[in-house]
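So the structure is just underneath, and the comments pick up after that.
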Amino acid sequence: MKAIVFHSLGKISVDEVQTPPVLEDSIIVRVKAAAICATDLRIYKGERSAKENVIMGHEFSGEVVNVGSNVKDFEVGDKVAVYPILADGKCDFCLKGFRNRCVNRKTLGIDINGGFSEFFQPLPEMIKLGHIMKLPENVSFEEAALLEPISTVINSLERLNVGLGDNILVVGAGPMGLIHVMLAKYKGASNIIVSDYVDERLKVARELGANYTINPGQEDFTLKVKELSKVFGGINKAILTVGVAGVVEQLLDIVQPQGMISLFAGGGKTFSSNIDLNKIHYKELVLTASQNATPDQFKKGIQLLSSGRFNVGKLITHKFPLEDALDAFNLRSELKALKVLLLP
Ligand SMILES: [Zn+2]
């Protein structure tokens with residue numbers, strides 16, 4: 001079968017690899033749709049490593065085409081999405097429900113084989129953990145390929161307890177920023193301001209529910225946010241969806257006392273900031289972060305898509321066959337594309 005394989009830092013290719021054999025304790029999933037994420041791009045650009053010869057991809061969905069004789073929970077034809085973390089299920093974090101923080105966690109597409117391939121075979125432990133999740137009939141494979149990013153945004157907004165009365169600033173209108181806009185609106189946030197340097201992305205942000213947008217390349221970011229948010233009492237929660245450290249200093253000025261700033265995005269190799277801690281102290285600010293999602297949040301994502309009231313179709317701007325994956329990576333590196341799908 002064809003698969004996108006990581007070989008060494010900066011070296012990935014579309015290879016012909018062995019199709020997984022039928023195992024009595026596992027299943028085989030025909031991958032139907034997989035999405036390229038910022039982490040994949042970092043690996044592609046050589047900014048981040050992975051295990052040698054691992055099949056990449058951690059955002060994907062597919063159809064069960066083979067069920068091992070010892071597996072009772074699945075049938076051929078089931079539609080599934082994969083919660084892309086292997087956890088031990090027994091460490092303190094796992095016991096508390098935070099399998100995304102498992103001390104022995106392994107991530108699909110980085111540490112163990114992922115879904116940029118024609119077929120995916122989960123490790124039997126993943127089936128036992130419930131990390132292969134069935135999809136309702138009304139959730140499409142393409143939407144379901146976005147479940148992992150959706151679930152990470154659910155985690156982000158739950159950590160900030162976003163809801164009615166919140167005035168949100170989302171920094172960055174890439175796919176993750178836009179999902180933040182959609183979900184914050186869905187959860188009842190009162191006002192949402194979005195900033196990005198790409199006007200086309202800001203246009204999409206407005207279409208998806210942003211009340212105001214700012215292009216910091218054309219206007220002063222801090223002044224403009226303060227001006228726009230004055231009518232509703234200022235921003236109380238700000239989320240950084242792009243790994244630009246310098247923005248944090250500005251957010252410390254922008255966010256209202258007792259507000260929250262969350263680092264949703266990680267940075268590249270250098271992601272440090274010389275911030276004035278007094279601004280945190282004297283304003284009683286909370287500086288926090290979120291990474292990945294729990295299985296429970298992933299399941300909430302499935303329910304959200306199944307409700308039919310959360311249309312992520314607008315985020316999918318391009319689709320490529322698996323063999324053209326490198327073109328897809330190149331395109332995704334440009335800021336015009338939002339979510340780029342591979343259809344193996
Ligand atoms: Zn654990």
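Residues in the structure tokens are numbered from 1 in each chain, the chains being A, B, ... in the order shown, and ligands are numbered from 1 in the order shown.
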Fill in: Residue neighbourhood segment 330-337 of chain A, 12 Å, only C-alpha atoms, exclusion window fewer than 3 positions, as a PyMOL selection string
chain A and resi 35-45+172-175+196-202+204+314-320+324-327+340-342
Per residue of chain A within 6 Å of ligand 1, what are the shortest atom pair and its distance in Å to one decimal, counting only C-alpha atoms and all ligand atoms, with rows by chain and residue number, as a tab-separated table?
```
residue	atom	partner	partner_atom_place_in_ligand_line	distance
A:Ala87	CA	ligand 1	1 (Zn)	5.1
A:Asp88	CA	ligand 1	1 (Zn)	4.4
A:Gly89	CA	ligand 1	1 (Zn)	4.7
A:Lys90	CA	ligand 1	1 (Zn)	5.1
A:Cys91	CA	ligand 1	1 (Zn)	3.9
A:Phe93	CA	ligand 1	1 (Zn)	5.7
A:Cys94	CA	ligand 1	1 (Zn)	4.2
A:Arg99	CA	ligand 1	1 (Zn)	5.8
A:Cys102	CA	ligand 1	1 (Zn)	3.5
A:Val103	CA	ligand 1	1 (Zn)	5.2
A:Asn104	CA	ligand 1	1 (Zn)	5.7
```
Discussion item. Using only C-alpha atoms, can you tell me which of A:Leu183, A:Lys128, A:Leu305, A:Thr222 comes closest to Ala205 of chain A?
Written reply: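 That would be A:Leu183, the residue with the smallest distance to Ala205 of chain A.
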Item to complete: Tell me, as an NGL selection string, which residues lie within 10 Å of Gln291 of chain A, counting only C-alpha atoms; anything in the same chain fewer than 2 positions away does not count.
Response: :A and (100-101 or 152-153 or 155-156 or 263-266 or 289 or 293-294)
Discussion item. Taking only segment 127-294 of chain A into account, list the residues labelled alpha helix (DSSP H) by DSSP (computed from the backbone), as a ChimeraX atom specification.
Written reply: /A:127-128,141-144,147-159,175-186,199-207,221-229,246-254,277-283
Discussion item. Show me, as a PyMOL selection string, the residues that have an atom within 12 Å of Lys269 of chain A when counting only C-alpha atoms, minus same-chain residues fewer than 2 positions from it.
Written reply: chain A and resi 42+46-49+243-245+266-267+271-272
Give me, as a PDB file with all heavy atoms, in the first residue's frame, all polymer residues having an atom no more than 9 Å from Val64 of chain A, counting only C-alpha atoms and skipping those fewer than 3 positions away in the same chain.
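As written to disk, out_25.pdb reads:
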```
ATOM      1  N   ILE A  27      -8.042  -4.696  14.049  1.00  0.00           N
ATOM      2  CA  ILE A  27      -8.906  -4.500  12.890  1.00  0.00           C
ATOM      3  C   ILE A  27      -8.087  -3.816  11.797  1.00  0.00           C
ATOM      4  O   ILE A  27      -6.979  -3.331  12.062  1.00  0.00           O
ATOM      5  CB  ILE A  27     -10.135  -3.614  13.229  1.00  0.00           C
ATOM      6  CG1 ILE A  27      -9.678  -2.230  13.721  1.00  0.00           C
ATOM      7  CG2 ILE A  27     -11.008  -4.282  14.275  1.00  0.00           C
ATOM      8  CD1 ILE A  27     -10.816  -1.247  13.992  1.00  0.00           C
ATOM      9  N   ILE A  28      -8.613  -3.787  10.603  1.00  0.00           N
ATOM     10  CA  ILE A  28      -7.970  -3.008   9.549  1.00  0.00           C
ATOM     11  C   ILE A  28      -8.966  -1.962   9.068  1.00  0.00           C
ATOM     12  O   ILE A  28     -10.132  -2.272   8.792  1.00  0.00           O
ATOM     13  CB  ILE A  28      -7.480  -3.909   8.400  1.00  0.00           C
ATOM     14  CG1 ILE A  28      -6.342  -4.810   8.934  1.00  0.00           C
ATOM     15  CG2 ILE A  28      -6.969  -3.060   7.235  1.00  0.00           C
ATOM     16  CD1 ILE A  28      -5.780  -5.771   7.919  1.00  0.00           C
ATOM     17  N   VAL A  29      -8.475  -0.732   9.022  1.00  0.00           N
ATOM     18  CA  VAL A  29      -9.315   0.390   8.617  1.00  0.00           C
ATOM     19  C   VAL A  29      -8.834   0.883   7.256  1.00  0.00           C
ATOM     20  O   VAL A  29      -7.650   1.151   7.070  1.00  0.00           O
ATOM     21  CB  VAL A  29      -9.212   1.542   9.649  1.00  0.00           C
ATOM     22  CG1 VAL A  29      -9.996   2.761   9.182  1.00  0.00           C
ATOM     23  CG2 VAL A  29      -9.687   1.083  11.025  1.00  0.00           C
ATOM     24  N   ARG A  30      -9.755   0.966   6.306  1.00  0.00           N
ATOM     25  CA  ARG A  30      -9.436   1.598   5.022  1.00  0.00           C
ATOM     26  C   ARG A  30      -9.552   3.096   5.249  1.00  0.00           C
ATOM     27  O   ARG A  30     -10.649   3.605   5.522  1.00  0.00           O
ATOM     28  CB  ARG A  30     -10.443   1.127   3.961  1.00  0.00           C
ATOM     29  CG  ARG A  30     -10.286   1.787   2.601  1.00  0.00           C
ATOM     30  CD  ARG A  30      -9.083   1.210   1.863  1.00  0.00           C
ATOM     31  NE  ARG A  30      -8.939   1.801   0.533  1.00  0.00           N
ATOM     32  CZ  ARG A  30      -8.241   2.915   0.271  1.00  0.00           C
ATOM     33  NH1 ARG A  30      -7.632   3.559   1.253  1.00  0.00           N
ATOM     34  NH2 ARG A  30      -8.154   3.367  -0.957  1.00  0.00           N
ATOM     35  N   VAL A  31      -8.418   3.798   5.190  1.00  0.00           N
ATOM     36  CA  VAL A  31      -8.436   5.237   5.470  1.00  0.00           C
ATOM     37  C   VAL A  31      -9.158   5.959   4.332  1.00  0.00           C
ATOM     38  O   VAL A  31      -8.858   5.748   3.157  1.00  0.00           O
ATOM     39  CB  VAL A  31      -7.001   5.785   5.639  1.00  0.00           C
ATOM     40  CG1 VAL A  31      -7.034   7.290   5.906  1.00  0.00           C
ATOM     41  CG2 VAL A  31      -6.288   5.055   6.775  1.00  0.00           C
ATOM     42  N   VAL A  67     -11.998  -7.499  10.571  1.00  0.00           N
ATOM     43  CA  VAL A  67     -12.096  -7.568  12.036  1.00  0.00           C
ATOM     44  C   VAL A  67     -11.477  -8.876  12.503  1.00  0.00           C
ATOM     45  O   VAL A  67     -11.888  -9.960  12.063  1.00  0.00           O
ATOM     46  CB  VAL A  67     -13.577  -7.491  12.491  1.00  0.00           C
ATOM     47  CG1 VAL A  67     -13.675  -7.574  14.013  1.00  0.00           C
ATOM     48  CG2 VAL A  67     -14.225  -6.206  11.990  1.00  0.00           C
ATOM     49  N   PHE A  74     -16.386  -4.434  16.831  1.00  0.00           N
ATOM     50  CA  PHE A  74     -16.478  -3.825  15.504  1.00  0.00           C
ATOM     51  C   PHE A  74     -16.978  -4.820  14.475  1.00  0.00           C
ATOM     52  O   PHE A  74     -16.820  -6.027  14.621  1.00  0.00           O
ATOM     53  CB  PHE A  74     -15.099  -3.293  15.065  1.00  0.00           C
ATOM     54  CG  PHE A  74     -14.652  -2.106  15.866  1.00  0.00           C
ATOM     55  CD1 PHE A  74     -13.847  -2.276  16.984  1.00  0.00           C
ATOM     56  CD2 PHE A  74     -15.062  -0.827  15.525  1.00  0.00           C
ATOM     57  CE1 PHE A  74     -13.444  -1.187  17.746  1.00  0.00           C
ATOM     58  CE2 PHE A  74     -14.672   0.265  16.278  1.00  0.00           C
ATOM     59  CZ  PHE A  74     -13.862   0.087  17.392  1.00  0.00           C
ATOM     60  N   GLU A  75     -17.574  -4.248  13.429  1.00  0.00           N
ATOM     61  CA  GLU A  75     -18.006  -5.061  12.298  1.00  0.00           C
ATOM     62  C   GLU A  75     -17.458  -4.440  11.027  1.00  0.00           C
ATOM     63  O   GLU A  75     -17.233  -3.224  10.972  1.00  0.00           O
ATOM     64  CB  GLU A  75     -19.540  -5.060  12.202  1.00  0.00           C
ATOM     65  CG  GLU A  75     -20.227  -5.855  13.290  1.00  0.00           C
ATOM     66  CD  GLU A  75     -21.744  -5.717  13.205  1.00  0.00           C
ATOM     67  OE1 GLU A  75     -22.254  -5.367  12.114  1.00  0.00           O
ATOM     68  OE2 GLU A  75     -22.392  -5.953  14.229  1.00  0.00           O
ATOM     69  N   VAL A  76     -17.285  -5.269  10.016  1.00  0.00           N
ATOM     70  CA  VAL A  76     -16.884  -4.751   8.718  1.00  0.00           C
ATOM     71  C   VAL A  76     -17.937  -3.735   8.271  1.00  0.00           C
ATOM     72  O   VAL A  76     -19.137  -3.965   8.410  1.00  0.00           O
ATOM     73  CB  VAL A  76     -16.761  -5.905   7.693  1.00  0.00           C
ATOM     74  CG1 VAL A  76     -16.626  -5.357   6.271  1.00  0.00           C
ATOM     75  CG2 VAL A  76     -15.559  -6.778   8.041  1.00  0.00           C
ATOM     76  N   GLY A  77     -17.475  -2.584   7.798  1.00  0.00           N
ATOM     77  CA  GLY A  77     -18.403  -1.544   7.349  1.00  0.00           C
ATOM     78  C   GLY A  77     -18.575  -0.410   8.350  1.00  0.00           C
ATOM     79  O   GLY A  77     -19.110   0.644   8.004  1.00  0.00           O
ATOM     80  N   ASP A  78     -18.123  -0.617   9.604  1.00  0.00           N
ATOM     81  CA  ASP A  78     -18.228   0.468  10.590  1.00  0.00           C
ATOM     82  C   ASP A  78     -17.408   1.672  10.138  1.00  0.00           C
ATOM     83  O   ASP A  78     -16.281   1.533   9.656  1.00  0.00           O
ATOM     84  CB  ASP A  78     -17.685   0.009  11.961  1.00  0.00           C
ATOM     85  CG  ASP A  78     -18.670  -0.870  12.719  1.00  0.00           C
ATOM     86  OD1 ASP A  78     -19.866  -0.864  12.358  1.00  0.00           O
ATOM     87  OD2 ASP A  78     -18.236  -1.558  13.668  1.00  0.00           O
ATOM     88  N   LYS A  79     -17.989   2.858  10.320  1.00  0.00           N
ATOM     89  CA  LYS A  79     -17.233   4.094  10.085  1.00  0.00           C
ATOM     90  C   LYS A  79     -16.543   4.459  11.393  1.00  0.00           C
ATOM     91  O   LYS A  79     -17.187   4.466  12.446  1.00  0.00           O
ATOM     92  CB  LYS A  79     -18.183   5.240   9.704  1.00  0.00           C
ATOM     93  CG  LYS A  79     -18.852   5.057   8.358  1.00  0.00           C
ATOM     94  CD  LYS A  79     -19.950   6.089   8.150  1.00  0.00           C
ATOM     95  CE  LYS A  79     -19.380   7.421   7.684  1.00  0.00           C
ATOM     96  NZ  LYS A  79     -20.489   8.348   7.268  1.00  0.00           N
ATOM     97  N   VAL A  80     -15.265   4.796  11.316  1.00  0.00           N
ATOM     98  CA  VAL A  80     -14.542   5.106  12.556  1.00  0.00           C
ATOM     99  C   VAL A  80     -13.644   6.334  12.402  1.00  0.00           C
ATOM    100  O   VAL A  80     -13.207   6.681  11.306  1.00  0.00           O
ATOM    101  CB  VAL A  80     -13.658   3.916  13.027  1.00  0.00           C
ATOM    102  CG1 VAL A  80     -14.509   2.726  13.433  1.00  0.00           C
ATOM    103  CG2 VAL A  80     -12.644   3.516  11.960  1.00  0.00           C
TER     104      VAL A  80
END
```
Fill in: Point-to-point distance in Å for atom CA of Phe298 of chain A and atom CA of Ile55 of chain A
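Spanning atom CA of Ile55 of chain A to atom CA of Phe298 of chain A is a straight-line distance of 22.0 Å.
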Please identify all polymer residues within 6 Å of Ser61 of chain A, counting only C-alpha atoms, omitting same-chain residues fewer than 4 positions from it, and present them as a PDB file with all heavy atoms, in the first residue's frame.
```pdb
ATOM      1  N   VAL A  31      -8.418   3.798   5.190  1.00  0.00           N
ATOM      2  CA  VAL A  31      -8.436   5.237   5.470  1.00  0.00           C
ATOM      3  C   VAL A  31      -9.158   5.959   4.332  1.00  0.00           C
ATOM      4  O   VAL A  31      -8.858   5.748   3.157  1.00  0.00           O
ATOM      5  CB  VAL A  31      -7.001   5.785   5.639  1.00  0.00           C
ATOM      6  CG1 VAL A  31      -7.034   7.290   5.906  1.00  0.00           C
ATOM      7  CG2 VAL A  31      -6.288   5.055   6.775  1.00  0.00           C
ATOM      8  N   LYS A  32     -10.141   6.774   4.683  1.00  0.00           N
ATOM      9  CA  LYS A  32     -10.941   7.474   3.667  1.00  0.00           C
ATOM     10  C   LYS A  32     -10.570   8.944   3.548  1.00  0.00           C
ATOM     11  O   LYS A  32     -10.681   9.532   2.473  1.00  0.00           O
ATOM     12  CB  LYS A  32     -12.429   7.364   4.022  1.00  0.00           C
ATOM     13  CG  LYS A  32     -12.966   5.942   3.947  1.00  0.00           C
ATOM     14  CD  LYS A  32     -13.147   5.518   2.500  1.00  0.00           C
ATOM     15  CE  LYS A  32     -14.000   4.258   2.411  1.00  0.00           C
ATOM     16  NZ  LYS A  32     -14.318   3.918   1.024  1.00  0.00           N
ATOM     17  N   ALA A  33     -10.200   9.553   4.656  1.00  0.00           N
ATOM     18  CA  ALA A  33      -9.813  10.968   4.614  1.00  0.00           C
ATOM     19  C   ALA A  33      -8.834  11.242   5.746  1.00  0.00           C
ATOM     20  O   ALA A  33      -8.994  10.729   6.853  1.00  0.00           O
ATOM     21  CB  ALA A  33     -11.042  11.868   4.752  1.00  0.00           C
ATOM     22  N   VAL A  80     -15.265   4.796  11.316  1.00  0.00           N
ATOM     23  CA  VAL A  80     -14.542   5.106  12.556  1.00  0.00           C
ATOM     24  C   VAL A  80     -13.644   6.334  12.402  1.00  0.00           C
ATOM     25  O   VAL A  80     -13.207   6.681  11.306  1.00  0.00           O
ATOM     26  CB  VAL A  80     -13.658   3.916  13.027  1.00  0.00           C
ATOM     27  CG1 VAL A  80     -14.509   2.726  13.433  1.00  0.00           C
ATOM     28  CG2 VAL A  80     -12.644   3.516  11.960  1.00  0.00           C
ATOM     29  N   ALA A  81     -13.392   6.962  13.546  1.00  0.00           N
ATOM     30  CA  ALA A  81     -12.352   7.981  13.653  1.00  0.00           C
ATOM     31  C   ALA A  81     -11.413   7.516  14.755  1.00  0.00           C
ATOM     32  O   ALA A  81     -11.790   6.706  15.606  1.00  0.00           O
ATOM     33  CB  ALA A  81     -12.951   9.339  13.997  1.00  0.00           C
ATOM     34  N   PHE A 141     -16.776  11.109   6.259  1.00  0.00           N
ATOM     35  CA  PHE A 141     -15.359  10.822   6.509  1.00  0.00           C
ATOM     36  C   PHE A 141     -14.530  12.108   6.496  1.00  0.00           C
ATOM     37  O   PHE A 141     -13.592  12.264   7.267  1.00  0.00           O
ATOM     38  CB  PHE A 141     -14.825   9.851   5.450  1.00  0.00           C
ATOM     39  CG  PHE A 141     -15.374   8.454   5.578  1.00  0.00           C
ATOM     40  CD1 PHE A 141     -16.138   7.896   4.562  1.00  0.00           C
ATOM     41  CD2 PHE A 141     -15.130   7.695   6.712  1.00  0.00           C
ATOM     42  CE1 PHE A 141     -16.641   6.603   4.673  1.00  0.00           C
ATOM     43  CE2 PHE A 141     -15.627   6.399   6.841  1.00  0.00           C
ATOM     44  CZ  PHE A 141     -16.389   5.858   5.815  1.00  0.00           C
ATOM     45  N   ALA A 144     -15.032  14.013   9.614  1.00  0.00           N
ATOM     46  CA  ALA A 144     -14.454  13.262  10.731  1.00  0.00           C
ATOM     47  C   ALA A 144     -12.933  13.357  10.749  1.00  0.00           C
ATOM     48  O   ALA A 144     -12.309  13.195  11.795  1.00  0.00           O
ATOM     49  CB  ALA A 144     -14.888  11.799  10.669  1.00  0.00           C
ATOM     50  N   ALA A 145     -12.332  13.636   9.590  1.00  0.00           N
ATOM     51  CA  ALA A 145     -10.875  13.824   9.571  1.00  0.00           C
ATOM     52  C   ALA A 145     -10.483  15.063  10.370  1.00  0.00           C
ATOM     53  O   ALA A 145      -9.324  15.239  10.733  1.00  0.00           O
ATOM     54  CB  ALA A 145     -10.379  13.934   8.132  1.00  0.00           C
TER      55      ALA A 145
END
```
Practice prompt. Give the strand (DSSP E or B) residues of segment 106-275 of chain A, as DSSP finds them on the backbone, and put them as an MDAnalysis selection string.
Written response: chainID A and resid 106:108 112 117 119:120 132:134 167:171 191:195 212:214 237:240 260:263
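Using only C-alpha atoms, the shortest contact distance between Phe120 of chain A and any of A:Leu164, A:Ala50, A:Val286, A:Ala3 is found at A:Ala3.
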Worksheet item: Could you pull the residues within 8 Å of Leu146 of chain A, counting only C-alpha atoms, minus those fewer than 6 positions along the same chain, as a PyMOL selection string?
Response: chain A and resi 35+59-60+312
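The space between atom CA of Asn278 of chain A and atom CA of Gln258 of chain A spans 13.3 Å.
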Discussion item. Nearest residue to His180 of chain A out of A:Ile150, A:Lys203, A:Glu227, A:Thr288, using only C-alpha atoms?
Written reply: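 When distances to His180 of chain A are compared using only C-alpha atoms, the smallest one comes from A:Ile150.
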